[in-house]
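Below is upload-v9.pdb, which holds PDB, C-alpha atoms.
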ATOM      1  CA  MET A1440       0.000   0.000   0.000  1.00  0.00           C
ATOM      2  CA  GLU A1441       2.854   2.382   0.784  1.00  0.00           C
ATOM      3  CA  VAL A1442       4.464   1.684  -2.619  1.00  0.00           C
ATOM      4  CA  ILE A1443       1.227   2.580  -4.374  1.00  0.00           C
ATOM      5  CA  ALA A1444       0.921   5.811  -2.367  1.00  0.00           C
ATOM      6  CA  ALA A1445       4.532   6.864  -3.220  1.00  0.00           C
ATOM      7  CA  THR A1446       3.975   6.149  -6.912  1.00  0.00           C
ATOM      8  CA  ALA A1447       0.749   8.128  -6.933  1.00  0.00           C
ATOM      9  CA  ALA A1448       2.468  11.107  -5.285  1.00  0.00           C
ATOM     10  CA  THR A1449       5.268  11.322  -7.870  1.00  0.00           C
ATOM     11  CA  SER A1450       3.069  10.788 -10.900  1.00  0.00           C
ATOM     12  CA  SER A1451       0.685  13.553  -9.940  1.00  0.00           C
ATOM     13  CA  GLY A1452       3.324  16.381  -9.705  1.00  0.00           C
ATOM     14  CA  TRP A1453       6.197  17.892 -11.714  1.00  0.00           C
ATOM     15  CA  THR A1454       9.654  16.757 -10.571  1.00  0.00           C
ATOM     16  CA  TRP A1455      13.144  18.236 -10.831  1.00  0.00           C
ATOM     17  CA  SER A1456      14.281  15.402 -13.021  1.00  0.00           C
ATOM     18  CA  GLN A1457      11.549  16.245 -15.517  1.00  0.00           C
ATOM     19  CA  THR A1458      12.555  19.928 -15.432  1.00  0.00           C
ATOM     20  CA  THR A1459      16.188  18.993 -15.958  1.00  0.00           C
ATOM     21  CA  ALA A1460      15.270  16.701 -18.830  1.00  0.00           C
ATOM     22  CA  LEU A1461      13.613  19.667 -20.572  1.00  0.00           C
ATOM     23  CA  ILE A1462      16.239  22.323 -19.773  1.00  0.00           C
ATOM     24  CA  VAL A1463      19.387  20.377 -20.745  1.00  0.00           C
ATOM     25  CA  PRO A1464      18.524  20.091 -24.467  1.00  0.00           C
ATOM     26  CA  PHE A1465      17.687  23.793 -24.637  1.00  0.00           C
ATOM     27  CA  VAL A1466      20.987  24.722 -22.991  1.00  0.00           C
ATOM     28  CA  ALA A1467      22.845  22.429 -25.391  1.00  0.00           C
ATOM     29  CA  VAL A1468      21.119  23.939 -28.450  1.00  0.00           C
ATOM     30  CA  PHE A1469      21.760  27.476 -27.170  1.00  0.00           C
ATOM     31  CA  GLY A1470      25.436  26.638 -26.550  1.00  0.00           C
ATOM     32  CA  ALA A1471      25.805  25.200 -30.043  1.00  0.00           C
ATOM     33  CA  PHE A1472      24.139  28.248 -31.585  1.00  0.00           C
ATOM     34  CA  LEU A1473      26.314  30.641 -29.581  1.00  0.00           C
ATOM     35  CA  THR A1474      29.474  28.774 -30.602  1.00  0.00           C
ATOM     36  CA  TYR A1475      28.408  28.822 -34.250  1.00  0.00           C
ATOM     37  CA  ALA A1476      27.592  32.545 -34.134  1.00  0.00           C
ATOM     38  CA  LEU A1477      30.921  33.433 -32.512  1.00  0.00           C
ATOM     39  CA  ASN A1478      32.838  31.299 -35.020  1.00  0.00           C
ATOM     40  CA  GLN A1479      31.051  32.950 -37.940  1.00  0.00           C
ATOM     41  CA  ARG A1480      31.838  36.377 -36.508  1.00  0.00           C
ATOM     42  CA  ALA A1481      35.517  35.454 -36.208  1.00  0.00           C
ATOM     43  CA  VAL A1482      35.562  34.139 -39.795  1.00  0.00           C
ATOM     44  CA  ARG A1483      33.976  37.364 -41.087  1.00  0.00           C
ATOM     45  CA  ARG A1484      36.469  39.477 -39.138  1.00  0.00           C
ATOM     46  CA  GLU A1485      39.401  37.436 -40.459  1.00  0.00           C
ATOM     47  CA  HIS A1486      38.100  37.713 -44.027  1.00  0.00           C
ATOM     48  CA  ARG A1487      37.655  41.486 -43.670  1.00  0.00           C
ATOM     49  CA  ALA A1488      41.159  41.877 -42.204  1.00  0.00           C
ATOM     50  CA  LYS A1489      42.661  39.882 -45.073  1.00  0.00           C
ATOM     51  CA  THR A1490      40.792  41.968 -47.638  1.00  0.00           C
ATOM     52  CA  PHE A1491      41.973  45.183 -45.982  1.00  0.00           C
ATOM     53  CA  ALA A1492      45.550  43.884 -46.014  1.00  0.00           C
ATOM     54  CA  GLU A1493      45.267  43.034 -49.718  1.00  0.00           C
ATOM     55  CA  ALA A1494      43.979  46.536 -50.456  1.00  0.00           C
ATOM     56  CA  LEU A1495      46.897  48.071 -48.570  1.00  0.00           C
ATOM     57  CA  THR A1496      49.345  45.747 -50.335  1.00  0.00           C
ATOM     58  CA  ALA A1497      48.187  46.993 -53.733  1.00  0.00           C
ATOM     59  CA  VAL A1498      48.954  50.579 -52.683  1.00  0.00           C
ATOM     60  CA  GLU A1499      52.316  49.560 -51.227  1.00  0.00           C
ATOM     61  CA  GLU A1500      53.280  47.796 -54.452  1.00  0.00           C
ATOM     62  CA  TYR A1501      52.296  50.903 -56.404  1.00  0.00           C
ATOM     63  CA  LEU A1502      54.486  53.037 -54.135  1.00  0.00           C
ATOM     64  CA  GLU A1503      57.393  50.680 -54.909  1.00  0.00           C
ATOM     65  CA  MET A1504      57.091  51.122 -58.681  1.00  0.00           C
ATOM     66  CA  PRO A1505      59.455  54.139 -58.883  1.00  0.00           C
ATOM     67  CA  TYR A1506      62.186  51.871 -57.490  1.00  0.00           C
ATOM     68  CA  ARG A1507      61.366  49.101 -59.969  1.00  0.00           C
ATOM     69  CA  ILE A1508      61.472  51.571 -62.848  1.00  0.00           C
ATOM     70  CA  ARG A1509      64.686  53.177 -61.638  1.00  0.00           C
ATOM     71  CA  ARG A1510      66.351  49.763 -61.187  1.00  0.00           C
ATOM     72  CA  ARG A1511      65.319  48.419 -64.571  1.00  0.00           C
ATOM     73  CA  PRO A1512      68.184  46.472 -66.112  1.00  0.00           C
ATOM     74  CA  GLU A1513      67.728  47.778 -69.637  1.00  0.00           C
ATOM     75  CA  SER A1514      65.865  50.280 -71.722  1.00  0.00           C
ATOM     76  CA  SER A1515      64.048  48.132 -74.227  1.00  0.00           C
ATOM     77  CA  ALA A1516      60.531  48.045 -75.561  1.00  0.00           C
ATOM     78  CA  SER A1517      59.822  44.769 -73.763  1.00  0.00           C
ATOM     79  CA  MET A1518      61.088  46.125 -70.410  1.00  0.00           C
ATOM     80  CA  ARG A1519      58.995  49.287 -70.788  1.00  0.00           C
ATOM     81  CA  GLN A1520      55.984  47.152 -71.673  1.00  0.00           C
ATOM     82  CA  GLN A1521      56.518  44.867 -68.675  1.00  0.00           C
ATOM     83  CA  LEU A1522      56.806  47.753 -66.211  1.00  0.00           C
ATOM     84  CA  THR A1523      53.847  49.688 -67.626  1.00  0.00           C
ATOM     85  CA  ASP A1524      51.770  46.484 -67.539  1.00  0.00           C
ATOM     86  CA  GLU A1525      52.633  46.128 -63.850  1.00  0.00           C
ATOM     87  CA  VAL A1526      51.580  49.732 -63.193  1.00  0.00           C
ATOM     88  CA  SER A1527      48.313  49.162 -65.060  1.00  0.00           C
ATOM     89  CA  SER A1528      47.659  45.975 -63.119  1.00  0.00           C
ATOM     90  CA  LEU A1529      48.244  47.765 -59.827  1.00  0.00           C
ATOM     91  CA  LEU A1530      45.913  50.588 -60.819  1.00  0.00           C
ATOM     92  CA  ALA A1531      43.234  48.024 -61.666  1.00  0.00           C
ATOM     93  CA  ARG A1532      43.746  46.236 -58.314  1.00  0.00           C
ATOM     94  CA  MET A1533      43.467  49.501 -56.402  1.00  0.00           C
ATOM     95  CA  ALA A1534      40.279  50.360 -58.319  1.00  0.00           C
ATOM     96  CA  PHE A1535      38.883  46.912 -57.509  1.00  0.00           C
ATOM     97  CA  HIS A1536      39.574  47.400 -53.804  1.00  0.00           C
ATOM     98  CA  GLN A1537      38.056  50.875 -53.876  1.00  0.00           C
ATOM     99  CA  ALA A1538      34.862  49.487 -55.400  1.00  0.00           C
ATOM    100  CA  TRP A1539      34.765  46.554 -52.983  1.00  0.00           C
ATOM    101  CA  LEU A1540      35.191  48.873 -50.007  1.00  0.00           C
ATOM    102  CA  GLN A1541      32.416  51.149 -51.265  1.00  0.00           C
ATOM    103  CA  ILE A1542      30.116  48.122 -51.347  1.00  0.00           C
ATOM    104  CA  GLU A1543      31.215  46.207 -48.246  1.00  0.00           C
ATOM    105  CA  ALA A1544      32.829  48.735 -45.908  1.00  0.00           C
ATOM    106  CA  SER A1545      31.667  52.218 -46.834  1.00  0.00           C
ATOM    107  CA  SER A1546      33.261  53.811 -43.763  1.00  0.00           C
ATOM    108  CA  VAL A1547      36.665  52.607 -45.020  1.00  0.00           C
ATOM    109  CA  ALA A1548      36.113  53.585 -48.667  1.00  0.00           C
ATOM    110  CA  GLY A1549      36.785  57.300 -48.132  1.00  0.00           C
ATOM    111  CA  PRO A1550      40.110  56.941 -46.306  1.00  0.00           C
ATOM    112  CA  TYR A1551      41.211  54.281 -48.803  1.00  0.00           C
ATOM    113  CA  ALA A1552      40.330  56.564 -51.738  1.00  0.00           C
ATOM    114  CA  ILE A1553      42.405  59.326 -50.133  1.00  0.00           C
ATOM    115  CA  LEU A1554      45.304  56.890 -49.685  1.00  0.00           C
ATOM    116  CA  VAL A1555      45.093  55.791 -53.339  1.00  0.00           C
ATOM    117  CA  ALA A1556      44.932  59.390 -54.608  1.00  0.00           C
ATOM    118  CA  THR A1557      47.870  60.403 -52.411  1.00  0.00           C
ATOM    119  CA  ALA A1558      49.937  57.390 -53.487  1.00  0.00           C
ATOM    120  CA  ARG A1559      49.163  58.041 -57.140  1.00  0.00           C
ATOM    121  CA  ALA A1560      50.223  61.679 -56.805  1.00  0.00           C
ATOM    122  CA  GLU A1561      53.481  60.869 -55.009  1.00  0.00           C
ATOM    123  CA  ALA A1562      54.503  57.721 -56.858  1.00  0.00           C
ATOM    124  CA  GLY A1563      53.255  58.990 -60.216  1.00  0.00           C
ATOM    125  CA  ALA A1564      55.603  61.970 -60.119  1.00  0.00           C
ATOM    126  CA  GLN A1565      58.431  59.735 -58.893  1.00  0.00           C
ATOM    127  CA  MET A1566      57.832  57.238 -61.708  1.00  0.00           C
ATOM    128  CA  SER A1567      58.101  60.039 -64.243  1.00  0.00           C
ATOM    129  CA  LEU A1568      61.481  61.011 -62.798  1.00  0.00           C
ATOM    130  CA  ALA A1569      62.607  57.371 -62.658  1.00  0.00           C
ATOM    131  CA  TRP A1570      61.859  56.876 -66.367  1.00  0.00           C
ATOM    132  CA  GLN A1571      64.121  59.822 -67.155  1.00  0.00           C
ATOM    133  CA  GLN A1572      67.109  58.107 -65.495  1.00  0.00           C
ATOM    134  CA  PRO A1573      69.308  55.694 -67.453  1.00  0.00           C
ATOM    135  CA  PRO A1574      69.037  51.969 -66.661  1.00  0.00           C
ATOM    136  CA  ILE A1575      71.301  50.701 -63.891  1.00  0.00           C
ATOM    137  CA  ARG A1576      74.039  48.477 -65.223  1.00  0.00           C
ATOM    138  CA  THR A1577      76.154  47.803 -62.107  1.00  0.00           C
ATOM    139  CA  ASP A1578      75.616  46.246 -58.707  1.00  0.00           C
ATOM    140  CA  GLU A1579      76.755  49.460 -57.022  1.00  0.00           C
ATOM    141  CA  GLY A1580      74.120  51.411 -58.923  1.00  0.00           C
ATOM    142  CA  MET A1581      71.323  49.344 -57.356  1.00  0.00           C
ATOM    143  CA  ASN A1582      71.809  51.294 -54.132  1.00  0.00           C
ATOM    144  CA  LEU A1583      70.003  54.484 -55.014  1.00  0.00           C
ATOM    145  CA  GLY A1584      71.345  56.315 -51.986  1.00  0.00           C
ATOM    146  CA  SER A1585      68.124  57.967 -50.893  1.00  0.00           C
ATOM    147  CA  ALA A1586      64.525  56.909 -50.679  1.00  0.00           C
ATOM    148  CA  TYR A1587      61.726  58.461 -52.637  1.00  0.00           C
ATOM    149  CA  PRO A1588      59.720  60.569 -50.190  1.00  0.00           C
ATOM    150  CA  ARG A1589      56.272  59.276 -49.323  1.00  0.00           C
ATOM    151  CA  ASP A1590      55.391  61.338 -46.286  1.00  0.00           C
ATOM    152  CA  ARG A1591      51.856  62.149 -47.444  1.00  0.00           C
ATOM    153  CA  SER A1592      51.183  58.518 -48.343  1.00  0.00           C
ATOM    154  CA  THR A1593      52.444  57.384 -44.941  1.00  0.00           C
ATOM    155  CA  VAL A1594      50.048  59.763 -43.181  1.00  0.00           C
ATOM    156  CA  ALA A1595      47.128  58.705 -45.411  1.00  0.00           C
ATOM    157  CA  ARG A1596      47.983  55.035 -44.836  1.00  0.00           C
ATOM    158  CA  ALA A1597      47.991  55.473 -41.045  1.00  0.00           C
ATOM    159  CA  ALA A1598      44.588  57.198 -41.185  1.00  0.00           C
ATOM    160  CA  CYS A1599      43.206  54.446 -43.407  1.00  0.00           C
ATOM    161  CA  ILE A1600      44.516  51.687 -41.131  1.00  0.00           C
ATOM    162  CA  GLU A1601      42.931  53.355 -38.114  1.00  0.00           C
ATOM    163  CA  VAL A1602      39.503  53.343 -39.803  1.00  0.00           C
ATOM    164  CA  MET A1603      40.043  49.736 -40.934  1.00  0.00           C
ATOM    165  CA  ARG A1604      40.809  48.680 -37.345  1.00  0.00           C
ATOM    166  CA  ARG A1605      37.591  50.273 -36.122  1.00  0.00           C
ATOM    167  CA  HIS A1606      35.630  48.524 -38.874  1.00  0.00           C
ATOM    168  CA  LEU A1607      36.898  45.066 -37.935  1.00  0.00           C
TER     169      LEU A1607
END
Please render this file's structure as structure tokens.
Amino acid sequence: MEVIAATAATSSGWTWSQTTALIVPFVAVFGAFLTYALNQRAVRREHRAKTFAEALTAVEEYLEMPYRIRRRPESSASMRQQLTDEVSSLLARMAFHQAWLQIEASSVAGPYAILVATARAEAGAQMSLAWQQPPIRTDEGMNLGSAYPRDRSTVARAACIEVMRRHL
């Protein structure tokens, strides 16, 4: 009789084990969702950081072109074609990154456009001067002695990087 009374008492009310059996799956699903969401956020941040780095690399490579032109080994039609193709390719890459930033990260697009315009102004003038120099024919000539100034580009790059950091 006592066994029947104990069974009747537990079957008529809600127990902690029943509550636990309902809560545990919800906690597990919430934990899985939270982990997934945080992982996706980290993947998006990493992708954005890589894209920003690629955009900055294109500008850096453009800023290096005066050195490449100045250090050309010869003055031939094929060498001129190769170097001007590289400049054109870099201009296209910078334009691509500008468009991508306008679409995906509009707060970064303005500072990046300023960086590109500044780099084009500085390096463009330096490339013109580099083309006027004769090709370097000796190892000693490879040391140009002084760097091409890029003070304005350095300032624009720092401002752009600061906005990129905030956008990550």
Residues selected by the PyMOL selection byres ((chain A and resi 1540) around 12), written as a PyMOL selection string: chain A and resi 1487+1490-1491+1493-1495+1533-1539+1541-1552+1599+1602-1603+1606
Stretch 1580-1582 of chain A: which residues within 9 Å, counting only C-alpha atoms, same-chain residues fewer than 4 positions away excluded, as a short mmCIF file (atom, residue, chain, number, x, y, z; two decimals) with C-alpha atoms, in the coordinates of the input?
data_model
loop_
_atom_site.label_atom_id
_atom_site.label_comp_id
_atom_site.auth_asym_id
_atom_site.auth_seq_id
_atom_site.Cartn_x
_atom_site.Cartn_y
_atom_site.Cartn_z
CA ARG A 1509 64.69 53.18 -61.64
CA ARG A 1510 66.35 49.76 -61.19
CA ILE A 1575 71.30 50.70 -63.89
CA ARG A 1576 74.04 48.48 -65.22
#
To one decimal place, how far is atom CA of A:Arg1559 from atom CA of A:Leu1607 in Å?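 That distance, rounded to one decimal, is 26.2 Å.
Nearest to A:Pro1512 of all the residues A:Pro1573, A:Glu1500, A:Gly1563, A:Ala1492 is A:Pro1573, counting all atoms listed in the file.
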What's around A:Val1498 at 9 Å? Count only C-alpha atoms, leave out sequence neighbours fewer than 6 positions away in its own chain, and write the answer as a list in words.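 That gives Leu1529, Leu1530, Arg1532, Met1533, Leu1554, Val1555, Ala1558 and Arg1559 of chain A.
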Using only C-alpha atoms, which of the listed residues (A:Pro1574, A:Pro1505, A:Gly1470, A:Gly1452) sits closest to A:Arg1589?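 That would be A:Pro1505, the residue with the smallest distance to A:Arg1589.
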Taking the file as shown, what set of residues would the PyMOL selection byres ((chain A and resi 1566) around 8) give back, as a list of chain:residue names?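 When the PyMOL selection byres ((chain A and resi 1566) around 8) is applied to the shown file, the picked residues are A:Met1504, A:Pro1505, A:Ile1508, A:Arg1509, A:Ala1562, A:Gly1563, A:Ala1564, A:Gln1565, A:Ser1567, A:Leu1568, A:Ala1569, A:Trp1570.
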Figure out the distance between atom CA of A:Thr1496 and atom CA of A:Thr1523, please, to one decimal in Å.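 Distance reported for this atom pair: 18.3 Å.
Atom CA of A:Pro1588 to atom CA of A:Arg1604 spans 25.8 Å [interatomic distance, one decimal].
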With distances taken over only C-alpha atoms, which of A:Thr1557, A:Gln1457, A:Gln1571, A:Thr1577 is nearest to A:Arg1591? A:Thr1557
